[in-house]
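Have a look at the structure below, then the notes.
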Amino acid sequence: MAPILEAHGLTKRFGKTQALDGLDLVAQPGRVVALLGPNGAGKTTFVRAVATLLRPDSGTLYVDGIDALRKPARVRQVIGLAGQFAAVEEAMTGRENLEMVGRLFGLRRKESKAAAVRVLDLMQLTDDADRLVRTYSGGMRRRIDLGVSLVGTPRLLLLDEPSTGLDPGSRIQLWDTIRGLVVTGTDILLTTQYLDEADRLASDVVIIDHGKVIASGTPAELKTLAGDDMIEVHVHDADLLPAVSGVLGRIGHDLRVDVPTRRAFVSADDGNTRLMEALRVLDQEGIAVEDISLRRPTLDEVFLTLTGKPAQTTDSPEQPASV
Amino acid sequence: MANASAITLPQNPRQASVNAGAGLWTSSLTVAGRMVRKFARTPQLIMFTTIQSALFLFMFRFAFGGAIKSGGALSYVDYMVPGFITTTIMWAGSGAAVGVADDVEHGFVDRLRSLPIPRVSVLTGRALADATLMLWSLVTATIFGFIVGFRLTGSVPRALAAFGLCVLFGLAFEWVFIVVGLVAGTAQSAQSMGLLVVPLIFLSSAYVPIGGMPPGVKQFGEFEPLTPMVNSVRNLAMGPDAQALVPHSTGYYIGMSLAWTAGIFVVFGFLAFLRFARR
C-alpha cells in the first residue's frame with residue numbers, strides 16, 4: 001500500500017529558528033503515528049506543513065500520494081485538522097458546528113445533517129448536541145473539535161497535542177475515541193509531549209528534536225533502545241539478599257542490591273525468559289521472595305537516552321503563530 | 001519508519017473519502033452565517049459598540065456641544081450628527097478587527113484554511129457578515145441622531161444617497177480592519193491597534209470644523225479620508241447651510257471620497273488577500 005504520508009528533507013526556518021531541519025518521515029496507512037518531542041522540536045511546524053498551512057523552504061511532501069507543495073488544494077480534500085485550540089464556534093451548538101463544517105467539506109444540507117448525527121454518536125455527544133458549545137466542559141470541547149475534523153471523513157487526521165489541558169478522565173475518554181477511529185479507515189498523525197500518550201495510542205512513534213527525526217519505531221522497538229529489561233526481587237528478610245544476589249548474578253548482568261529496601265535488581269537481555277528462569281532457580285533453592293517483577297524501560301527513559309533531556313520541559317509556546 | 005510488527009487494519013471505503021469541498025458562494029455564506037449567529041447569540045458584542053457610539057453622541061451633543069461653534073446657519077446638533085453617523089463605520093470596523101484577530105488567535109482561521117474551500121471565502125464570508133453588522137450600527141446611529149434632536153434640512157432622496165455613501169465607505173474600511181486583525185494576531189493587540197481610529201475620527205471634520213485647528217493638524221484633517229466623506233454626507237443631508245461651511249463643492253467631496261473608497265478597497269483588499277493566501 002502506498003504511504004499515507006511521505007516527507008523527505010523538509011526544512012523550514014522562522015527568523016533565527018530552524019524549525020524543520022531535514023525531516024524525513026514515511027507513514028504507512030492503517031496506523032496511528034505519534035510525533036513525540038519536546039517543545040520547539042518542530043512537531044507543530046510539521047503538522048502545519050502537512051495541513052498546507054505553511055510552505056516548507058525545501059524538501060518534498062506527499063500526502064496520500066498528492067504533492068502537498070504543488071497541489072495543496074487537493075491535499076485539503078483528504079485531511080482533517082484538529083489543532084492545539086478547540087477551534088469551534090462557542091456561540092453555536094455542537095450540532096450546528098458539525099453541520100457548518102460539513103457544508104464546507106462540500107456536503108449537501110441533508111448529508112451534512114446525517115454526518116453530524118454520525119459524528120455526535122461517535123463522539124458520545126448526542127445528548128449535548130443542542131447545547132451551545134460555550135456551556136461545554138473542556139473534554140467535551142476537545143471531542144467536538146475532534147468531531148468537526150471528522151465530518152468530512154478524512155483519510156489522514158492531524159491531531160496537534162489532542163489532550164493538552166484535559167483532566168485524566170477526559171484524556172482517557174479521548175484516547176478511546178481516537179483509537180476507535182483507525183478502525184474506520186482514518187489514519188492518524190498526532191503530536192504529543194506526553195510519553196504515555198504516545199505509548200497508549202500509537203502503533204508507530206517518531207521522536208523528533210531540533211527539527212529532525214532522531215528515532216522511530218513501534219513503542220516496543222524504541223524501548224529496547226533504552227537498554228535491557230530489569231528483573232527486581234523483593235525479599236522480606238535482608239539476610240536472604242546474598243542468596244538472591246547469587247541467583248540473579250548468574251542470570252543477568254549489572255547486579256545491584258539495595259539493602260534498606262531489601263531489593264535486588266539485575267538487567268537481562270531477554271526479560272520474559274530470564275524472569276521464568278529466575279523464578280525456577282529461586283524456587284529450587286528454596287529462597288522465599290516477597291515479590292518479583294519485570295520492569296521494561298519506559299519511553300521516558302528512551303527519550304532521555306536519545307535527547308539527553310526530560311520529555312517535558314517548559315510550557316512556552318512552540319513557535320509564533322503565523323497566518 | 002520501522003514497521004516490523006505492522007498490524008494493517010482494513011480500510012473502510014465508505015469512510016475515508018475525497019471531500020469535494022464547497023464553492024466560493026456556499027462557503028462565503030456558511031462562514032458569514034456563523035458570524036451572524038455569533039452576533040445574534042452574543043448580544044454584548046453588538047451592545048458594546050452601540051453603547052460606545054451612543055455615549056460619544058450624548059457627550060458631544062450635551063457636554064461639549066455648547067462650547068463648539070459650527071459657524072454659519074447650521075446648529076451644532078445638525079452639524080455633528082452627520083459626522084457622527086459617518087464615523088460610526090470606524091467604531092464598528094475596529095470591533096471587526098478584534099473578531100478577526102480572535103479567530104486567528106484561537107485556531108479558527110487555521111481550521112478554515114485547512115478545509116477544501118476557496119481560501120478567499122474565509123475573508124469574503126467575514127466581510128459579508130461584518131457588513132451586516134455595520135449596517136446595523138449605521139441604522140442605530142441614525143436613530144440615535146434623531147433622538148438627540150437632529151433634523152434633516154436637505155431632501156430625503158439626497159439623505160438616502162448620503163446613507164448609501166456611508167455604507168460604501170464602510171465596505172471599503174472593512175478591509176482595513178480585516179488586515180489589522182490578521183496582522184495583529186491576538187485580540188488584545190487588535191484592540192490597541194483599533195485605537196488608531198481615534199485620531200482619524202477626531203481630526204476630521206466630523207465633530208468640529210477643521211478651520212479652527214492649528215497648522216499641521218489642520219493639514220492632516222484636510223488630507224485624511226474621513227473629512228471628504230463626512231463633508232459629502234453632511235452636504236447631501238443638510239443642503240446649502242452645510243455647503244456654506246466648506247471651501248469646495250459637494251461634487252468635489254463626493255469625488256474625493258469615492259476615490260479614497262476605491263483606493264482603500266483595492267490596496268487593503270489586496271493586502272488581506274496576500275496575507276491570507278500565503279501559505
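A note on labels: chains of the C-alpha cells are A, B, ... as shown, every chain counts residues from 1, and ligands are counted from 1 in their shown order.
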
Distance filter 7 Å, only C-alpha atoms, chain A against chain B, as a PyMOL selection string:
chain A and resi 25-27+30-31+51-55+73+76-78+81+83+85+87-88+91+100+103-106+152-155+183-186+216-217+323

Enumerate the residues of range 71-318 of chain A with a DSSP assignment of helix (DSSP H, G or I), computed from the backbone, and present them as JSON, numbers by chain.
{"A": [72, 73, 74, 75, 94, 95, 96, 97, 98, 99, 100, 101, 102, 103, 104, 109, 110, 111, 112, 113, 114, 115, 116, 117, 118, 119, 120, 121, 122, 126, 127, 128, 133, 134, 135, 138, 139, 140, 141, 142, 143, 144, 145, 146, 147, 148, 168, 169, 170, 171, 172, 173, 174, 175, 176, 177, 178, 179, 180, 181, 182, 183, 195, 196, 197, 198, 199, 200, 201, 219, 220, 221, 222, 223, 224, 225, 238, 239, 240, 241, 242, 243, 244, 245, 246, 247, 248, 249, 250, 251, 271, 272, 273, 274, 275, 276, 277, 278, 279, 280, 281, 282, 283, 284, 299, 300, 301, 302, 303, 304, 305, 306, 307]}

Atom-to-atom span, CA of Gln124 in chain A and CA of Ala198 in chain A, Å
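These two atoms are separated by 23.2 Å.
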
Near Ile51 in chain B, within 12 Å and counting only C-alpha atoms, which residues show up once chain neighbours fewer than 5 positions away are dropped, as a PyMOL selection string?
chain B and resi 43-46+56-58+88+91-92+137+140-141+144

For those residues, write N, CA, C and O atoms to a file as a PDB file, in the first residue's frame.
ATOM      1  N   PRO B  43     -25.082  39.094  22.415  1.00  0.00           N
ATOM      2  CA  PRO B  43     -25.532  40.486  22.235  1.00  0.00           C
ATOM      3  C   PRO B  43     -24.511  41.497  22.734  1.00  0.00           C
ATOM      4  O   PRO B  43     -24.433  42.611  22.210  1.00  0.00           O
ATOM      5  N   GLN B  44     -23.692  41.104  23.725  1.00  0.00           N
ATOM      6  CA  GLN B  44     -22.727  42.077  24.262  1.00  0.00           C
ATOM      7  C   GLN B  44     -21.758  42.569  23.198  1.00  0.00           C
ATOM      8  O   GLN B  44     -21.248  43.681  23.275  1.00  0.00           O
ATOM      9  N   LEU B  45     -21.489  41.734  22.173  1.00  0.00           N
ATOM     10  CA  LEU B  45     -20.583  42.157  21.096  1.00  0.00           C
ATOM     11  C   LEU B  45     -21.128  43.396  20.400  1.00  0.00           C
ATOM     12  O   LEU B  45     -20.408  44.331  20.094  1.00  0.00           O
ATOM     13  N   ILE B  46     -22.430  43.358  20.125  1.00  0.00           N
ATOM     14  CA  ILE B  46     -23.058  44.472  19.413  1.00  0.00           C
ATOM     15  C   ILE B  46     -23.351  45.611  20.376  1.00  0.00           C
ATOM     16  O   ILE B  46     -23.136  46.775  20.071  1.00  0.00           O
ATOM     17  N   PHE B  56     -20.638  58.645  22.946  1.00  0.00           N
ATOM     18  CA  PHE B  56     -19.981  59.732  22.227  1.00  0.00           C
ATOM     19  C   PHE B  56     -20.986  60.778  21.782  1.00  0.00           C
ATOM     20  O   PHE B  56     -20.772  61.972  21.922  1.00  0.00           O
ATOM     21  N   LEU B  57     -22.089  60.285  21.248  1.00  0.00           N
ATOM     22  CA  LEU B  57     -23.105  61.192  20.741  1.00  0.00           C
ATOM     23  C   LEU B  57     -23.630  62.095  21.861  1.00  0.00           C
ATOM     24  O   LEU B  57     -23.695  63.315  21.718  1.00  0.00           O
ATOM     25  N   PHE B  58     -23.958  61.488  22.991  1.00  0.00           N
ATOM     26  CA  PHE B  58     -24.514  62.279  24.104  1.00  0.00           C
ATOM     27  C   PHE B  58     -23.497  63.268  24.647  1.00  0.00           C
ATOM     28  O   PHE B  58     -23.818  64.415  24.947  1.00  0.00           O
ATOM     29  N   THR B  88     -19.282  56.251  12.529  1.00  0.00           N
ATOM     30  CA  THR B  88     -19.714  55.006  13.157  1.00  0.00           C
ATOM     31  C   THR B  88     -19.057  53.797  12.494  1.00  0.00           C
ATOM     32  O   THR B  88     -18.754  52.803  13.147  1.00  0.00           O
ATOM     33  N   TRP B  91     -15.894  52.759  14.301  1.00  0.00           N
ATOM     34  CA  TRP B  91     -16.053  52.015  15.562  1.00  0.00           C
ATOM     35  C   TRP B  91     -16.478  50.576  15.284  1.00  0.00           C
ATOM     36  O   TRP B  91     -15.950  49.637  15.873  1.00  0.00           O
ATOM     37  N   ALA B  92     -17.442  50.426  14.349  1.00  0.00           N
ATOM     38  CA  ALA B  92     -17.889  49.083  14.003  1.00  0.00           C
ATOM     39  C   ALA B  92     -16.730  48.265  13.438  1.00  0.00           C
ATOM     40  O   ALA B  92     -16.541  47.103  13.776  1.00  0.00           O
ATOM     41  N   SER B 137     -25.160  49.116  12.779  1.00  0.00           N
ATOM     42  CA  SER B 137     -24.603  50.256  13.524  1.00  0.00           C
ATOM     43  C   SER B 137     -25.028  51.571  12.901  1.00  0.00           C
ATOM     44  O   SER B 137     -25.344  52.534  13.614  1.00  0.00           O
ATOM     45  N   THR B 140     -28.736  52.233  13.777  1.00  0.00           N
ATOM     46  CA  THR B 140     -28.932  52.680  15.167  1.00  0.00           C
ATOM     47  C   THR B 140     -28.349  54.075  15.374  1.00  0.00           C
ATOM     48  O   THR B 140     -28.952  54.901  16.061  1.00  0.00           O
ATOM     49  N   ALA B 141     -27.193  54.349  14.741  1.00  0.00           N
ATOM     50  CA  ALA B 141     -26.596  55.681  14.885  1.00  0.00           C
ATOM     51  C   ALA B 141     -27.554  56.746  14.356  1.00  0.00           C
ATOM     52  O   ALA B 141     -27.715  57.814  14.955  1.00  0.00           O
ATOM     53  N   PHE B 144     -30.369  57.212  16.860  1.00  0.00           N
ATOM     54  CA  PHE B 144     -29.872  57.998  17.998  1.00  0.00           C
ATOM     55  C   PHE B 144     -29.793  59.478  17.628  1.00  0.00           C
ATOM     56  O   PHE B 144     -30.136  60.357  18.415  1.00  0.00           O
TER      57      PHE B 144
END

Straight-line distance linking CA of Leu203 in chain B with CA of Phe268 in chain B, stated in Å to one decimal:
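Computed distance, CA of Leu203 in chain B to CA of Phe268 in chain B, equals 22.1 Å.
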
Residues within 10 Å of Arg296 in chain A, please, as a PyMOL selection string. Count only C-alpha atoms; anything in the same chain fewer than 6 positions from it doesn't count.
chain A and resi 220+223-224+226-231+267+271

Compile the contact shell of Leu135 in chain B as a short mmCIF file (atom, residue, chain, number, x, y, z; two decimals) with N, CA, C and O atoms, in the first residue's frame: residues with an atom at most 9 Å away, counting only C-alpha atoms, same-chain residues fewer than 4 positions apart removed.
data_model
loop_
_atom_site.label_atom_id
_atom_site.label_comp_id
_atom_site.auth_asym_id
_atom_site.auth_seq_id
_atom_site.Cartn_x
_atom_site.Cartn_y
_atom_site.Cartn_z
N ILE B 89 -18.82 53.90 11.17
CA ILE B 89 -18.21 52.78 10.46
C ILE B 89 -16.84 52.44 11.04
O ILE B 89 -16.42 51.29 11.01
N ASP B 130 -19.63 41.17 8.52
CA ASP B 130 -19.31 42.44 9.16
C ASP B 130 -20.06 43.59 8.50
O ASP B 130 -20.39 44.58 9.16
N ALA B 131 -20.32 43.46 7.20
CA ALA B 131 -21.10 44.49 6.52
C ALA B 131 -22.52 44.56 7.10
O ALA B 131 -23.08 45.64 7.28
N VAL B 139 -27.73 52.18 11.13
CA VAL B 139 -29.16 52.42 11.37
C VAL B 139 -29.37 52.91 12.80
O VAL B 139 -30.06 53.92 13.03
N THR B 140 -28.74 52.23 13.78
CA THR B 140 -28.93 52.68 15.17
C THR B 140 -28.35 54.08 15.37
O THR B 140 -28.95 54.90 16.06
N VAL B 167 -22.50 53.46 3.74
CA VAL B 167 -22.38 52.00 3.59
C VAL B 167 -21.18 51.68 2.71
O VAL B 167 -20.36 50.80 3.02
N GLY B 170 -17.99 52.23 4.46
CA GLY B 170 -17.83 51.15 5.45
C GLY B 170 -17.32 49.88 4.80
O GLY B 170 -16.44 49.21 5.35
#

Can you pull out every residue within 9 Å of Asp209 in chain A, counting only C-alpha atoms, but drop anything in the same chain fewer than 6 positions away, and send it as a list in words?
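So, after excluding close chain neighbours, the residues are Leu36, Gly37, Pro38, Asn39, Gly40, Ala41, Gly42, Lys43 and Thr307 of chain A.
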
The selected residues should be written to file as an mmCIF file, in the first residue's frame (atoms: N, CA and C atoms).
data_model
loop_
_atom_site.group_PDB
_atom_site.id
_atom_site.type_symbol
_atom_site.label_atom_id
_atom_site.label_comp_id
_atom_site.auth_asym_id
_atom_site.auth_seq_id
_atom_site.Cartn_x
_atom_site.Cartn_y
_atom_site.Cartn_z
ATOM 1 N N LEU A 36 6.663 12.566 18.720
ATOM 2 C CA LEU A 36 6.962 12.848 20.105
ATOM 3 C C LEU A 36 8.187 13.738 20.159
ATOM 4 N N GLY A 37 8.116 14.771 20.957
ATOM 5 C CA GLY A 37 9.283 15.631 21.052
ATOM 6 C C GLY A 37 9.030 16.758 22.019
ATOM 7 N N PRO A 38 10.108 17.384 22.504
ATOM 8 C CA PRO A 38 9.932 18.488 23.444
ATOM 9 C C PRO A 38 9.373 19.717 22.731
ATOM 10 N N ASN A 39 9.014 20.721 23.504
ATOM 11 C CA ASN A 39 8.568 21.985 22.923
ATOM 12 C C ASN A 39 9.648 22.535 22.014
ATOM 13 N N GLY A 40 9.223 23.031 20.853
ATOM 14 C CA GLY A 40 10.189 23.622 19.948
ATOM 15 C C GLY A 40 10.911 22.609 19.087
ATOM 16 N N ALA A 41 10.496 21.334 19.150
ATOM 17 C CA ALA A 41 11.175 20.299 18.369
ATOM 18 C C ALA A 41 10.820 20.373 16.894
ATOM 19 N N GLY A 42 9.691 21.021 16.590
ATOM 20 C CA GLY A 42 9.257 21.126 15.201
ATOM 21 C C GLY A 42 8.003 20.333 14.895
ATOM 22 N N LYS A 43 7.369 19.786 15.922
ATOM 23 C CA LYS A 43 6.168 18.959 15.720
ATOM 24 C C LYS A 43 5.050 19.757 15.065
ATOM 25 N N THR A 307 17.658 12.207 23.750
ATOM 26 C CA THR A 307 17.744 13.663 23.668
ATOM 27 C C THR A 307 18.588 14.261 24.774
#
